[in-house]
$ cat my_file_27.csv   # CSV, C-alpha atoms
chain,number,residue,atom,x,y,z
M,1,MET,CA,-62.0,-72.6,-20.2
M,2,PRO,CA,-62.6,-72.3,-16.4
M,3,SER,CA,-65.9,-70.6,-15.5
M,4,GLN,CA,-64.1,-68.0,-13.4
M,5,LEU,CA,-62.0,-67.0,-16.4
M,6,LYS,CA,-65.1,-66.8,-18.6
M,7,ARG,CA,-66.8,-64.5,-16.1
M,8,GLY,CA,-63.6,-62.4,-16.0
M,9,LEU,CA,-63.5,-62.0,-19.8
M,10,ALA,CA,-67.2,-61.3,-19.9
M,11,ALA,CA,-66.8,-58.5,-17.4
M,12,LEU,CA,-63.9,-57.1,-19.3
M,13,CYS,CA,-65.9,-57.1,-22.5
M,14,CYS,CA,-68.7,-55.2,-20.7
M,15,LEU,CA,-66.3,-52.6,-19.5
M,16,VAL,CA,-64.8,-52.1,-22.9
M,17,PHE,CA,-68.3,-51.8,-24.4
M,18,ALA,CA,-69.3,-49.3,-21.7
M,19,ALA,CA,-66.2,-47.2,-22.2
M,20,GLY,CA,-66.8,-47.2,-26.0
M,21,ALA,CA,-70.4,-46.1,-25.4
M,22,ALA,CA,-69.3,-43.3,-23.1
M,23,ARG,CA,-67.0,-42.0,-25.8
M,24,ALA,CA,-69.8,-41.8,-28.4
M,25,ASP,CA,-69.6,-38.6,-30.4
M,26,HIS,CA,-72.5,-36.1,-30.5
M,27,LEU,CA,-73.7,-33.1,-32.5
M,28,TYR,CA,-74.8,-29.9,-30.7
M,29,VAL,CA,-77.3,-27.6,-32.5
M,30,SER,CA,-78.3,-24.1,-31.3
M,31,ASN,CA,-82.0,-23.3,-31.9
M,32,GLU,CA,-82.7,-19.6,-32.0
M,33,LYS,CA,-86.5,-19.7,-31.4
M,34,ASP,CA,-86.6,-22.5,-28.8
M,35,ASN,CA,-83.7,-21.2,-26.7
M,36,THR,CA,-82.3,-24.6,-26.6
M,37,VAL,CA,-79.3,-26.7,-27.8
M,38,THR,CA,-80.3,-30.1,-29.4
M,39,VAL,CA,-77.9,-32.9,-28.6
M,40,VAL,CA,-77.8,-35.6,-31.3
M,41,ASP,CA,-76.0,-39.0,-31.2
M,42,ALA,CA,-73.6,-38.9,-34.1
M,43,ALA,CA,-73.8,-42.6,-34.8
M,44,THR,CA,-77.6,-43.1,-34.7
M,45,LEU,CA,-78.6,-39.5,-35.4
M,46,ALA,CA,-81.2,-39.8,-32.6
M,47,ILE,CA,-81.8,-36.8,-30.3
M,48,VAL,CA,-80.2,-37.5,-26.9
M,49,LYS,CA,-81.3,-34.4,-25.0
M,50,THR,CA,-82.7,-30.9,-25.5
M,51,VAL,CA,-80.8,-28.5,-23.2
M,52,PRO,CA,-82.5,-25.2,-22.2
M,53,VAL,CA,-80.1,-22.2,-22.5
M,54,GLY,CA,-80.4,-18.4,-22.6
M,55,ALA,CA,-82.3,-16.3,-25.1
M,56,ARG,CA,-81.5,-16.7,-28.8
M,57,PRO,CA,-78.5,-19.1,-28.8
M,58,ARG,CA,-76.4,-18.8,-32.0
M,59,GLY,CA,-72.7,-19.2,-32.0
M,60,LEU,CA,-71.2,-22.5,-30.6
M,61,LEU,CA,-67.6,-23.5,-29.8
M,62,LEU,CA,-66.1,-26.6,-28.4
M,63,ALA,CA,-63.6,-26.0,-25.6
M,64,LYS,CA,-60.0,-27.0,-26.3
M,65,ASP,CA,-60.2,-29.9,-23.8
M,66,ARG,CA,-63.5,-31.0,-25.4
M,67,LYS,CA,-65.1,-31.0,-21.9
M,68,SER,CA,-67.3,-27.9,-22.4
M,69,LEU,CA,-69.4,-26.2,-25.1
M,70,TYR,CA,-69.6,-22.4,-25.2
M,71,VAL,CA,-72.9,-20.9,-26.4
M,72,CYS,CA,-73.5,-17.3,-27.5
M,73,THR,CA,-76.9,-16.5,-26.0
M,74,SER,CA,-77.4,-13.3,-28.0
M,75,ASP,CA,-80.5,-11.8,-26.4
M,76,ALA,CA,-79.3,-12.8,-22.9
M,77,ASP,CA,-76.1,-10.7,-23.5
M,78,HIS,CA,-73.7,-13.4,-22.2
M,79,ILE,CA,-72.0,-16.7,-23.0
M,80,GLU,CA,-73.1,-19.9,-21.4
M,81,GLU,CA,-70.8,-22.9,-20.7
M,82,LEU,CA,-72.4,-26.2,-21.2
M,83,ASP,CA,-70.8,-29.2,-19.5
M,84,ILE,CA,-70.4,-32.1,-22.0
M,85,ALA,CA,-70.5,-34.8,-19.3
M,86,THR,CA,-73.8,-33.7,-17.6
M,87,LEU,CA,-75.3,-31.8,-20.6
M,88,SER,CA,-76.2,-28.9,-18.4
M,89,VAL,CA,-75.2,-25.2,-18.2
M,90,THR,CA,-72.7,-24.8,-15.4
M,91,ARG,CA,-71.8,-21.1,-15.6
M,92,THR,CA,-72.1,-17.8,-17.6
M,93,LEU,CA,-69.3,-15.7,-19.0
M,94,GLN,CA,-69.3,-12.0,-19.8
M,95,SER,CA,-69.5,-11.1,-23.5
M,96,GLY,CA,-70.7,-7.6,-24.1
M,97,PRO,CA,-74.1,-6.9,-25.7
M,98,ASP,CA,-75.6,-9.2,-28.4
M,99,PRO,CA,-72.9,-11.8,-28.8
M,100,GLU,CA,-73.4,-13.6,-32.1
M,101,THR,CA,-70.2,-15.3,-33.1
M,102,PHE,CA,-66.9,-15.9,-31.4
M,103,ALA,CA,-63.5,-17.5,-31.8
M,104,LEU,CA,-61.2,-19.5,-29.5
M,105,SER,CA,-57.5,-18.8,-29.1
M,106,PRO,CA,-55.3,-21.8,-30.0
M,107,ASP,CA,-54.3,-22.2,-26.4
M,108,GLY,CA,-57.9,-22.4,-25.4
M,109,LYS,CA,-57.7,-19.6,-22.8
M,110,THR,CA,-59.4,-16.7,-24.6
M,111,LEU,CA,-62.6,-16.0,-26.4
M,112,TYR,CA,-62.9,-13.3,-29.0
M,113,VAL,CA,-66.5,-12.2,-29.2
M,114,SER,CA,-68.3,-10.0,-31.8
M,115,ASN,CA,-70.7,-7.6,-30.1
M,116,GLU,CA,-73.0,-6.4,-32.9
M,117,ASP,CA,-74.8,-3.7,-30.9
M,118,ASP,CA,-71.8,-1.7,-29.8
M,119,ASN,CA,-69.4,-2.2,-32.7
M,120,GLN,CA,-66.7,-3.9,-30.6
M,121,VAL,CA,-64.9,-7.2,-30.1
M,122,SER,CA,-64.7,-8.3,-26.5
M,123,ILE,CA,-61.7,-10.2,-25.2
M,124,VAL,CA,-62.9,-12.8,-22.7
M,125,ASP,CA,-60.7,-14.6,-20.2
M,126,ILE,CA,-62.2,-18.0,-19.9
M,127,ALA,CA,-60.8,-18.9,-16.5
M,128,SER,CA,-62.3,-15.8,-14.8
M,129,GLY,CA,-65.3,-15.5,-17.2
M,130,ARG,CA,-64.7,-11.8,-17.5
M,131,ILE,CA,-64.0,-9.3,-20.2
M,132,SER,CA,-60.3,-8.3,-20.2
M,133,ASP,CA,-60.4,-5.8,-23.1
M,134,GLU,CA,-62.6,-4.4,-25.8
M,135,ILE,CA,-61.5,-3.5,-29.4
M,136,PRO,CA,-63.5,-1.0,-31.5
M,137,THR,CA,-64.4,-2.3,-35.0
M,138,GLY,CA,-66.5,-1.4,-37.9
M,139,VAL,CA,-70.3,-1.2,-37.8
M,140,GLU,CA,-72.1,-4.5,-36.8
M,141,PRO,CA,-69.2,-6.8,-36.2
M,142,GLU,CA,-70.1,-10.4,-37.1
M,143,GLY,CA,-67.6,-13.1,-38.2
M,144,MET,CA,-64.7,-14.0,-35.9
M,145,VAL,CA,-61.6,-16.2,-36.5
M,146,VAL,CA,-58.1,-16.5,-35.1
M,147,SER,CA,-55.1,-17.5,-37.2
M,148,PRO,CA,-53.6,-21.0,-36.6
M,149,ASP,CA,-50.6,-19.5,-34.9
M,150,GLY,CA,-52.8,-17.4,-32.6
M,151,LYS,CA,-51.1,-14.1,-33.7
M,152,THR,CA,-53.9,-12.5,-35.7
M,153,ILE,CA,-57.6,-12.0,-35.1
M,154,VAL,CA,-60.0,-11.3,-38.0
M,155,ASN,CA,-63.4,-9.7,-37.5
M,156,THR,CA,-65.9,-8.9,-40.3
M,157,SER,CA,-68.2,-5.9,-40.0
M,158,GLU,CA,-71.5,-6.2,-41.8
M,159,THR,CA,-72.5,-2.6,-42.4
M,160,THR,CA,-68.9,-1.5,-43.1
M,161,SER,CA,-68.3,-4.4,-45.5
M,162,MET,CA,-64.8,-5.0,-44.2
M,163,ALA,CA,-62.6,-7.7,-42.8
M,164,HIS,CA,-60.5,-6.2,-39.9
M,165,PHE,CA,-57.1,-7.7,-39.1
M,166,ILE,CA,-56.2,-7.3,-35.4
M,167,ASP,CA,-52.9,-8.1,-33.7
M,168,ALA,CA,-53.7,-10.6,-30.9
M,169,ALA,CA,-50.9,-9.4,-28.6
M,170,SER,CA,-51.5,-5.7,-28.7
M,171,HIS,CA,-55.2,-5.7,-29.6
M,172,LYS,CA,-54.5,-3.1,-32.2
M,173,MET,CA,-56.0,-2.9,-35.7
M,174,ILE,CA,-53.4,-3.9,-38.4
M,175,ALA,CA,-55.5,-3.5,-41.5
M,176,SER,CA,-59.0,-3.3,-42.9
M,177,VAL,CA,-59.9,-5.0,-46.2
M,178,LEU,CA,-63.0,-4.1,-48.3
M,179,VAL,CA,-65.0,-7.2,-49.2
M,180,GLY,CA,-68.5,-7.9,-50.5
M,181,SER,CA,-71.6,-6.5,-49.0
M,182,ARG,CA,-72.6,-7.7,-45.5
M,183,PRO,CA,-69.7,-10.1,-44.7
M,184,ARG,CA,-70.9,-12.8,-42.4
M,185,PHE,CA,-68.1,-15.3,-41.7
M,186,ALA,CA,-64.3,-15.8,-42.0
M,187,ALA,CA,-62.1,-18.8,-42.1
M,188,PHE,CA,-58.3,-19.2,-42.2
M,189,THR,CA,-56.7,-21.8,-44.3
M,190,LYS,CA,-54.7,-24.4,-42.4
M,191,ASP,CA,-51.3,-22.8,-43.2
M,192,GLY,CA,-52.6,-19.3,-42.2
M,193,GLY,CA,-51.8,-17.8,-45.6
M,194,GLN,CA,-55.4,-17.0,-46.6
M,195,VAL,CA,-58.6,-15.8,-45.1
M,196,TRP,CA,-61.9,-16.7,-46.8
M,197,VAL,CA,-64.7,-14.2,-46.1
M,198,SER,CA,-68.3,-14.8,-47.1
M,199,SER,CA,-70.6,-11.9,-48.0
M,200,GLU,CA,-74.3,-12.5,-47.5
M,201,VAL,CA,-75.8,-9.7,-49.6
M,202,GLY,CA,-72.9,-9.7,-52.1
M,203,GLY,CA,-73.4,-13.4,-52.5
M,204,ASN,CA,-69.7,-14.1,-52.9
M,205,VAL,CA,-66.6,-15.2,-51.1
M,206,SER,CA,-63.4,-13.0,-50.9
M,207,ILE,CA,-60.1,-14.7,-50.7
M,208,ILE,CA,-57.6,-12.5,-48.8
M,209,ASP,CA,-53.9,-12.9,-48.9
M,210,VAL,CA,-52.8,-12.5,-45.3
M,211,ALA,CA,-49.3,-11.2,-46.0
M,212,SER,CA,-50.4,-8.4,-48.3
M,213,HIS,CA,-54.0,-7.8,-46.9
M,214,LYS,CA,-55.3,-7.9,-50.5
M,215,VAL,CA,-58.2,-9.7,-52.0
M,216,ILE,CA,-56.6,-12.1,-54.5
M,217,HIS,CA,-59.8,-13.7,-55.8
M,218,THR,CA,-63.6,-13.4,-55.5
M,219,ILE,CA,-65.7,-16.6,-55.8
M,220,THR,CA,-69.1,-16.0,-57.3
M,221,PHE,CA,-72.1,-18.4,-57.5
M,222,ALA,CA,-74.8,-19.2,-60.0
M,223,ILE,CA,-77.3,-22.0,-59.6
M,224,PRO,CA,-79.7,-22.8,-62.5
M,225,GLY,CA,-83.3,-22.0,-61.6
M,226,VAL,CA,-82.3,-20.2,-58.4
M,227,PRO,CA,-82.8,-16.4,-58.2
M,228,ALA,CA,-79.5,-14.6,-57.7
M,229,GLU,CA,-80.8,-12.6,-54.7
M,230,THR,CA,-81.4,-15.8,-52.7
M,231,ILE,CA,-77.8,-16.9,-53.1
M,232,GLN,CA,-76.4,-15.5,-49.8
M,233,ALA,CA,-73.0,-16.8,-48.7
M,234,VAL,CA,-72.8,-17.3,-44.9
M,235,GLY,CA,-71.0,-20.2,-43.2
M,236,ILE,CA,-67.6,-21.4,-44.5
M,237,ASN,CA,-65.8,-24.7,-43.6
M,238,LEU,CA,-62.5,-25.7,-45.1
M,239,SER,CA,-61.8,-29.4,-45.2
M,240,PRO,CA,-59.0,-30.6,-42.9
M,241,ASP,CA,-57.1,-32.0,-45.9
M,242,GLY,CA,-57.1,-28.6,-47.5
M,243,LYS,CA,-58.8,-29.9,-50.7
M,244,TRP,CA,-62.3,-28.4,-50.4
M,245,GLY,CA,-64.1,-25.3,-49.3
M,246,PHE,CA,-67.7,-25.6,-48.3
M,247,VAL,CA,-69.9,-22.5,-48.3
M,248,ALA,CA,-73.5,-22.4,-47.0
M,249,LEU,CA,-75.7,-20.3,-49.3
M,250,GLY,CA,-78.5,-19.4,-47.0
M,251,PRO,CA,-82.0,-19.3,-48.7
M,252,ALA,CA,-80.6,-20.9,-51.9
M,253,ASN,CA,-80.8,-24.1,-49.8
M,254,ARG,CA,-77.4,-25.2,-51.2
M,255,VAL,CA,-73.9,-25.8,-50.0
M,256,ALA,CA,-71.3,-24.9,-52.6
M,257,VAL,CA,-68.3,-27.2,-52.9
M,258,ILE,CA,-65.2,-25.3,-54.0
M,259,ASP,CA,-61.8,-26.6,-55.1
M,260,ALA,CA,-59.5,-24.8,-52.6
M,261,ALA,CA,-56.6,-24.7,-55.0
M,262,SER,CA,-58.3,-23.3,-58.1
M,263,PHE,CA,-61.3,-21.6,-56.4
M,264,ALA,CA,-63.6,-23.2,-58.9
M,265,VAL,CA,-67.0,-24.3,-57.8
M,266,LYS,CA,-67.2,-28.1,-58.1
M,267,LYS,CA,-70.9,-28.6,-57.4
M,268,TYR,CA,-73.9,-27.5,-55.4
M,269,LEU,CA,-75.4,-29.8,-52.7
M,270,LEU,CA,-79.1,-29.4,-52.0
M,271,VAL,CA,-79.7,-29.3,-48.3
M,272,GLY,CA,-82.4,-27.9,-46.0
M,273,GLN,CA,-84.0,-24.5,-46.2
M,274,ARG,CA,-81.8,-21.4,-45.3
M,275,VAL,CA,-78.6,-23.3,-44.4
M,276,TRP,CA,-76.6,-21.3,-41.9
M,277,HIS,CA,-73.5,-22.9,-40.4
M,278,MET,CA,-71.7,-26.2,-40.6
M,279,ASP,CA,-69.1,-28.4,-38.9
M,280,PHE,CA,-67.0,-31.5,-39.7
M,281,SER,CA,-66.8,-34.7,-37.8
M,282,PHE,CA,-63.4,-35.2,-36.0
M,283,ASP,CA,-62.2,-37.4,-38.9
M,284,GLY,CA,-63.3,-34.9,-41.5
M,285,LYS,CA,-65.3,-37.5,-43.4
M,286,THR,CA,-68.8,-36.0,-42.7
M,287,LEU,CA,-70.1,-32.4,-42.8
M,288,TYR,CA,-73.2,-31.4,-40.9
M,289,THR,CA,-75.3,-28.3,-41.7
M,290,ALA,CA,-77.8,-26.3,-39.6
M,291,ASN,CA,-80.9,-25.4,-41.7
M,292,GLY,CA,-82.7,-22.5,-40.2
M,293,VAL,CA,-86.1,-22.6,-41.9
M,294,SER,CA,-86.6,-26.3,-42.4
M,295,ASN,CA,-85.7,-26.9,-38.7
M,296,ASP,CA,-83.3,-29.7,-39.5
M,297,MET,CA,-79.7,-30.7,-40.0
M,298,SER,CA,-78.3,-32.2,-43.2
M,299,VAL,CA,-75.6,-34.9,-43.2
M,300,ILE,CA,-73.0,-34.7,-46.0
M,301,ASP,CA,-70.6,-37.4,-47.1
M,302,VAL,CA,-67.4,-35.5,-47.8
M,303,GLY,CA,-65.7,-38.2,-49.8
M,304,ASP,CA,-68.6,-38.7,-52.2
M,305,LEU,CA,-69.8,-35.1,-52.0
M,306,LYS,CA,-73.3,-36.4,-51.4
M,307,VAL,CA,-76.1,-35.4,-49.0
M,308,LEU,CA,-77.1,-38.5,-47.0
M,309,LYS,CA,-80.1,-37.5,-45.0
M,310,SER,CA,-81.7,-34.8,-42.9
M,311,VAL,CA,-82.4,-34.9,-39.2
M,312,PRO,CA,-85.1,-32.8,-37.4
M,313,VAL,CA,-83.8,-30.7,-34.6
M,314,GLY,CA,-85.3,-27.5,-32.9
M,315,HIS,CA,-86.9,-24.4,-34.3
M,316,LEU,CA,-84.6,-22.0,-36.3
M,317,PRO,CA,-81.3,-23.9,-35.9
M,318,TRP,CA,-78.4,-21.6,-36.4
M,319,GLY,CA,-75.1,-23.3,-35.5
M,320,VAL,CA,-73.9,-26.9,-35.3
M,321,VAL,CA,-70.8,-28.3,-33.6
M,322,TYR,CA,-69.4,-31.8,-33.6
M,323,GLY,CA,-68.1,-33.0,-30.2
M,324,PRO,CA,-67.8,-35.9,-27.8
$ encode --input "my_file_27.csv" --output "structure tokens"
Amino acid sequence: MPSQLKRGLAALCCLVFAAGAARADHLYVSNEKDNTVTVVDAATLAIVKTVPVGARPRGLLLAKDRKSLYVCTSDADHIEELDIATLSVTRTLQSGPDPETFALSPDGKTLYVSNEDDNQVSIVDIASGRISDEIPTGVEPEGMVVSPDGKTIVNTSETTSMAHFIDAASHKMIASVLVGSRPRFAAFTKDGGQVWVSSEVGGNVSIIDVASHKVIHTITFAIPGVPAETIQAVGINLSPDGKWGFVALGPANRVAVIDAASFAVKKYLLVGQRVWHMDFSFDGKTLYTANGVSNDMSVIDVGDLKVLKSVPVGHLPWGVVYGP
């Protein structure tokens, strides 16, 4: 082979390798105590960078175009936008007081933010970074989710113990459904037919039929040797294939694996201490958990339903997001 051609092929290989390296996926973990976001290489599980952000970062969301990460900086009373390419905060968005969790509209243009201190959901226009409307809710709004078709917003209110259904077009309350005590999180099924709502103090998950706004099933948990009061349901992630529901059980240090069709608990996975929230890899084969007290992240093989390892991150990790 001519030397010039060899050099050309070698250069091409280098370019392909560099492009592949640039596209490496990462995990982003919000650390409440450190006021940072830890960036972890998804392949090696090594920490790439620790990014300073505003006070008490909690909720995290990946932008629709996967170029930005939105961070609820709760004690700073705003949302920060972290640029994925530079791993730096590029701007702040309005949020209302004490933003904790939020949801992104399917078109990627709007954030729905729970404001715990003033019992409202703020509607934030991402382009302008400003609040366009505010919706009164129950006391201490917490969980936020939007239906797959973008037509319905669901907010949970901790003290009121309700899941509120809101019309996304009119911003009017459609229905309020009583669930377990201190509801923390909500997740729509892929077809939009059900909403799963976790209750921290109630230690259970309510399955709500969206058409009737009725609780059709309540999932309860019992772990041998673990006190019932420590079984506190918080984060929920439904597998992309619709087969499993994963529920973080807080200070029980377990993730419950639930058959999404029968609602039966399949098994409990031992993870780090006080597991809060979770996220899937893009291919749905791996689940990652943020463990608030052990200051680490657990890695779960979804196919084998097995915990593979733990990865140290910052202090009091709250949320985790998988991204580029």
$ residues_near_point --input "my_file_27.csv" --point "(-74.5, -32.1, -33.1)" --cutoff "8 Å" --atoms "all atoms listed in the file" --output "VMD selection string"
chain M and resid 26 to 29 38 to 42 288 320 to 323
$ closest_residue --input "my_file_27.csv" --among "M:Val195, M:Val37, M:Leu61, M:Ala168" --to "Leu316 in chain M" --atoms "all atoms listed in the file"
M:Val37
$ closest_residue --input "my_file_27.csv" --among "M:Leu270, M:Ile131, M:Val307, M:Ala252" --to "Val226 in chain M" --atoms "all atoms listed in the file"
M:Ala252
$ atom_distance --input "my_file_27.csv" --atom1 "CA of Ile231 in chain M" --atom2 "CA of Val121 in chain M"
28.1 Å
$ residues_around --input "my_file_27.csv" --residues "Val53 in chain M" --least-positions-apart "3" --cutoff "9 Å" --atoms "all atoms listed in the file" --output "list in words"
Asn35, Thr36, Val37, Arg56, Pro57, Val71, Thr73, Glu80, Leu82, Ser88 and Val89 of chain M
$ closest_residue --input "my_file_27.csv" --among "M:Val139, M:Val265, M:Ile79, M:Leu45" --to "Glu116 in chain M" --atoms "all atoms listed in the file"
M:Val139
$ closest_residue --input "my_file_27.csv" --among "M:Ala264, M:Gln120, M:Gly129, M:Ser198" --to "Thr92 in chain M" --atoms "all atoms listed in the file"
M:Gly129
$ residues_around --input "my_file_27.csv" --residues "Leu305 in chain M" --least-positions-apart "2" --cutoff "12 Å" --atoms "only C-alpha atoms" --output "ChimeraX atom specification"
/M:239,244-246,255-258,266-270,285-287,299-303,307-308
$ residues_near_point --input "my_file_27.csv" --point "(-73.0, -20.3, -44.3)" --cutoff "7 Å" --atoms "only C-alpha atoms" --output "PDB file with C-alpha atoms, keeping the file's coordinate frame"
ATOM      1  CA  ALA M 233     -73.000 -16.800 -48.700  1.00  0.00           C
ATOM      2  CA  VAL M 234     -72.800 -17.300 -44.900  1.00  0.00           C
ATOM      3  CA  GLY M 235     -71.000 -20.200 -43.200  1.00  0.00           C
ATOM      4  CA  ILE M 236     -67.600 -21.400 -44.500  1.00  0.00           C
ATOM      5  CA  VAL M 247     -69.900 -22.500 -48.300  1.00  0.00           C
ATOM      6  CA  ALA M 248     -73.500 -22.400 -47.000  1.00  0.00           C
ATOM      7  CA  LEU M 249     -75.700 -20.300 -49.300  1.00  0.00           C
ATOM      8  CA  GLY M 250     -78.500 -19.400 -47.000  1.00  0.00           C
ATOM      9  CA  VAL M 275     -78.600 -23.300 -44.400  1.00  0.00           C
ATOM     10  CA  TRP M 276     -76.600 -21.300 -41.900  1.00  0.00           C
ATOM     11  CA  HIS M 277     -73.500 -22.900 -40.400  1.00  0.00           C
TER      12      HIS M 277
END
$ atom_distance --input "my_file_27.csv" --atom1 "CA of Pro136 in chain M" --atom2 "CA of Gly180 in chain M"
20.8 Å
$ atom_distance --input "my_file_27.csv" --atom1 "CA of Gly203 in chain M" --atom2 "CA of Asp167 in chain M"
28.3 Å
$ closest_residue --input "my_file_27.csv" --among "M:Leu60, M:Ile47, M:Ile223, M:Ile84" --to "Pro324 in chain M" --atoms "all atoms listed in the file"
M:Ile84
$ axis_aligned_box --input "my_file_27.csv" --around "range 277-296 of chain M" --padding-each-side "4 Å" --output "lines of an AutoDock Vina configuration file"
center_x = -74.4
center_y = -30.0
center_z = -39.7
size_x = 32.4
size_y = 23.0
size_z = 15.4
$ closest_residue --input "my_file_27.csv" --among "M:Arg130, M:Lys190, M:Lys306, M:His164" --to "Asp149 in chain M" --atoms "all atoms listed in the file"
M:Lys190
$ residues_around --input "my_file_27.csv" --residues "Phe165 in chain M" --least-positions-apart "2" --cutoff "8 Å" --atoms "only C-alpha atoms" --output "VMD selection string"
chain M and resid 152 to 155 163 167 173 to 176
$ decode --input "my_file_27.csv" --residues "range 29-64 of chain M" --atoms "C-alpha atoms" --output "PDB file, in the first residue's frame"
ATOM      1  CA  VAL M  29     -25.359  14.182  39.608  1.00  0.00           C
ATOM      2  CA  SER M  30     -26.660  17.103  41.693  1.00  0.00           C
ATOM      3  CA  ASN M  31     -25.018  17.414  45.129  1.00  0.00           C
ATOM      4  CA  GLU M  32     -27.182  19.328  47.612  1.00  0.00           C
ATOM      5  CA  LYS M  33     -24.486  20.049  50.202  1.00  0.00           C
ATOM      6  CA  ASP M  34     -21.614  20.854  47.845  1.00  0.00           C
ATOM      7  CA  ASN M  35     -23.594  23.130  45.500  1.00  0.00           C
ATOM      8  CA  THR M  36     -22.124  21.223  42.585  1.00  0.00           C
ATOM      9  CA  VAL M  37     -22.960  18.881  39.728  1.00  0.00           C
ATOM     10  CA  THR M  38     -20.618  15.906  39.378  1.00  0.00           C
ATOM     11  CA  VAL M  39     -19.982  14.827  35.782  1.00  0.00           C
ATOM     12  CA  VAL M  40     -19.124  11.122  35.415  1.00  0.00           C
ATOM     13  CA  ASP M  41     -17.915   9.317  32.285  1.00  0.00           C
ATOM     14  CA  ALA M  42     -20.564   6.656  31.624  1.00  0.00           C
ATOM     15  CA  ALA M  43     -18.067   4.207  30.142  1.00  0.00           C
ATOM     16  CA  THR M  44     -15.284   4.390  32.732  1.00  0.00           C
ATOM     17  CA  LEU M  45     -17.343   5.744  35.670  1.00  0.00           C
ATOM     18  CA  ALA M  46     -14.515   8.193  36.359  1.00  0.00           C
ATOM     19  CA  ILE M  47     -15.306  11.746  37.445  1.00  0.00           C
ATOM     20  CA  VAL M  48     -14.707  14.113  34.537  1.00  0.00           C
ATOM     21  CA  LYS M  49     -15.477  17.414  36.228  1.00  0.00           C
ATOM     22  CA  THR M  50     -17.204  18.932  39.242  1.00  0.00           C
ATOM     23  CA  VAL M  51     -19.225  21.973  38.177  1.00  0.00           C
ATOM     24  CA  PRO M  52     -20.075  24.720  40.726  1.00  0.00           C
ATOM     25  CA  VAL M  53     -23.748  25.743  40.601  1.00  0.00           C
ATOM     26  CA  GLY M  54     -26.190  27.709  42.747  1.00  0.00           C
ATOM     27  CA  ALA M  55     -27.259  26.836  46.278  1.00  0.00           C
ATOM     28  CA  ARG M  56     -28.784  23.421  46.935  1.00  0.00           C
ATOM     29  CA  PRO M  57     -29.088  21.851  43.475  1.00  0.00           C
ATOM     30  CA  ARG M  58     -31.741  19.134  43.285  1.00  0.00           C
ATOM     31  CA  GLY M  59     -33.870  18.496  40.187  1.00  0.00           C
ATOM     32  CA  LEU M  60     -32.069  17.897  36.871  1.00  0.00           C
ATOM     33  CA  LEU M  61     -33.424  17.723  33.314  1.00  0.00           C
ATOM     34  CA  LEU M  62     -31.749  17.207  29.965  1.00  0.00           C
ATOM     35  CA  ALA M  63     -32.849  19.645  27.249  1.00  0.00           C
ATOM     36  CA  LYS M  64     -34.707  18.247  24.248  1.00  0.00           C
TER      37      LYS M  64
END
